[in-house]
Structure formats: C-alpha cells, structure tokens
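Engineer: If you scroll down you'll find the structure; I have some questions about it.
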Amino acid sequence: MNLQDAMYNWLSIKVVAEERETDQAAQDTSRFFEEILIEDHGLTDIKIEVTTDYYVVNYQMNNQQNSKKFPIELIDALLLSIQNEPKYNQ
C-alpha cells in the first residue's frame with residue numbers, strides 16, 4: 001500500500017476511533033494502519049493538525065519533516081457514514 005493510501009485510511013479510521021472510543025473494531029483498525037505507517041513507511045513523530053478546511057498530517061520520514069493535507073469532508077465521510085447507519089449505533 002502506498003503512503004498516500006495508508007495515510008488516508010489511517011486518518012479516516014483514526015477520526016472514527018477518536019469519536020467512538022468504545023468501538024473496538026475502530027480502535028484495532030486505527031492501530032493496524034498506524035503500524036503500516038510506522039513499519040512499512042518509516043514514519044515517526046506523527047501529529048494531526050486541523051485547519052478550517054483540512055486535516056494536516058505532520059510527520060518525520062528519513063529524518064525530514066513532511067506533511068500531507070486531506071480535505072476535512074473527505075476524511076469525515078467514513079465517520080458520517082457510520083453515524084448514519086443504524087446497525088452501528090445500537
């Protein structure tokens with residue numbers, strides 16, 4: 001999985017996991033994608049910044065500071081989908 005896809009998946013499920021702290025599947029999936037970022041791509045010091053329109057993921061890779069931006073509505077789509085599905089909210 002390339003870095004862009006891994007980071008998108010991790011950030012999407014991390015937002016869900018933070019909103020749904022008792023959702024074990026969300027917690028496990030968030031950790032799974034974080035492991036991919038760390039082990040497969042060598043990321044360290046991963047931090048999320050929220051601006052008006054974007055989630056900005058700041059991280060270190062190969063001893064260089066980097067960042068990637070993701071539109072909030074794109075990342076929050078998974079959370080909204082889960083919240084709107086009755087079988088996940090019982």
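Identifiers in this document derive from the order of the structure tokens: chains are assigned A, B, ..., residues are numbered from 1 separately in each chain, and ligands are numbered from 1 in order of occurrence.
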Counting only C-alpha atoms, what is within 10 Å of stretch 15-31 of chain A, bar same-chain residues fewer than 3 positions away, as a ChimeraX atom specification?

Structural biologist: /A:9-12,34-37,75-80,82-83,88

Engineer: I'd like to know which residues of chain A are strand (DSSP E) (by DSSP, run on the backbone); could you write them as an mmCIF file with C-alpha atoms, in the first residue's frame?

Structural biologist:
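Saved file part.cif follows:
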data_model
loop_
_atom_site.group_PDB
_atom_site.id
_atom_site.type_symbol
_atom_site.label_atom_id
_atom_site.label_comp_id
_atom_site.auth_asym_id
_atom_site.auth_seq_id
_atom_site.Cartn_x
_atom_site.Cartn_y
_atom_site.Cartn_z
ATOM 1 C CA THR A 44 7.862 8.856 13.142
ATOM 2 C CA ASP A 45 6.532 11.775 15.184
ATOM 3 C CA ILE A 46 3.091 11.644 13.504
ATOM 4 C CA LYS A 47 0.825 14.527 14.500
ATOM 5 C CA ILE A 48 -2.514 15.766 13.201
ATOM 6 C CA GLU A 49 -3.348 19.439 12.844
ATOM 7 C CA VAL A 50 -6.871 20.579 11.971
ATOM 8 C CA TYR A 54 -8.001 20.372 6.072
ATOM 9 C CA TYR A 55 -6.540 17.734 8.296
ATOM 10 C CA VAL A 56 -2.781 18.190 8.052
ATOM 11 C CA VAL A 57 -0.674 15.189 8.987
ATOM 12 C CA ASN A 58 2.820 16.233 10.028
ATOM 13 C CA TYR A 59 5.450 13.512 10.291
ATOM 14 C CA GLN A 60 9.123 12.678 10.021
ATOM 15 C CA MET A 61 10.385 10.340 7.321
ATOM 16 C CA GLN A 64 12.979 15.007 7.199
ATOM 17 C CA GLN A 65 9.855 16.838 8.309
ATOM 18 C CA ASN A 66 6.939 16.322 5.904
ATOM 19 C CA SER A 67 3.216 16.937 5.790
ATOM 20 C CA LYS A 68 0.182 15.892 3.789
ATOM 21 C CA LYS A 69 -3.176 17.660 3.628
ATOM 22 C CA PHE A 70 -6.563 15.960 3.363
ATOM 23 C CA PRO A 71 -9.890 17.784 2.945
#

Engineer: Can you tell me, as a PDB file with C-alpha atoms, in the first residue's frame, what residues are no more than 8 Å from A:Leu3 when counting only C-alpha atoms, ignoring any on the same chain fewer than 2 positions away?

Structural biologist:
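And here is the file that came out, out_22.pdb:
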ATOM      1  CA  MET A   1       0.000   0.000   0.000  1.00  0.00           C
ATOM      2  CA  ASP A   5      -3.436   5.481   0.659  1.00  0.00           C
ATOM      3  CA  ALA A   6      -2.140   4.242   4.008  1.00  0.00           C
ATOM      4  CA  MET A   7      -2.269   7.739   5.485  1.00  0.00           C
ATOM      5  CA  LEU A  37       2.765   3.958   8.508  1.00  0.00           C
ATOM      6  CA  HIS A  41       6.911   3.577   5.526  1.00  0.00           C
TER       7      HIS A  41
END

Engineer: Could you work out how far atom CA of A:Glu73 lies from atom CA of A:Lys14, giving the answer in Å with one decimal?

Structural biologist: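 Between these atoms lies a distance of 14.5 Å.
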
Engineer: DSSP on the backbone, alpha helix (DSSP H) only: what residues of chain A does that give? Format it as a ChimeraX atom specification.

Structural biologist: /A:3-19,24-35,72-83

Engineer: What's the separation between atom CA of A:Asp53 and atom CA of A:Tyr8, in Å to one decimal place?

Structural biologist: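 Interatomic distance, atom CA of A:Asp53 to atom CA of A:Tyr8: 15.5 Å.
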
Engineer: Ranking A:Leu74, A:Asn62, A:Glu85, A:Glu39 by minimum distance to A:Ile13 and counting only C-alpha atoms, which one comes first?

Structural biologist: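 With only C-alpha atoms as the atom set, the closest residue is A:Leu74.
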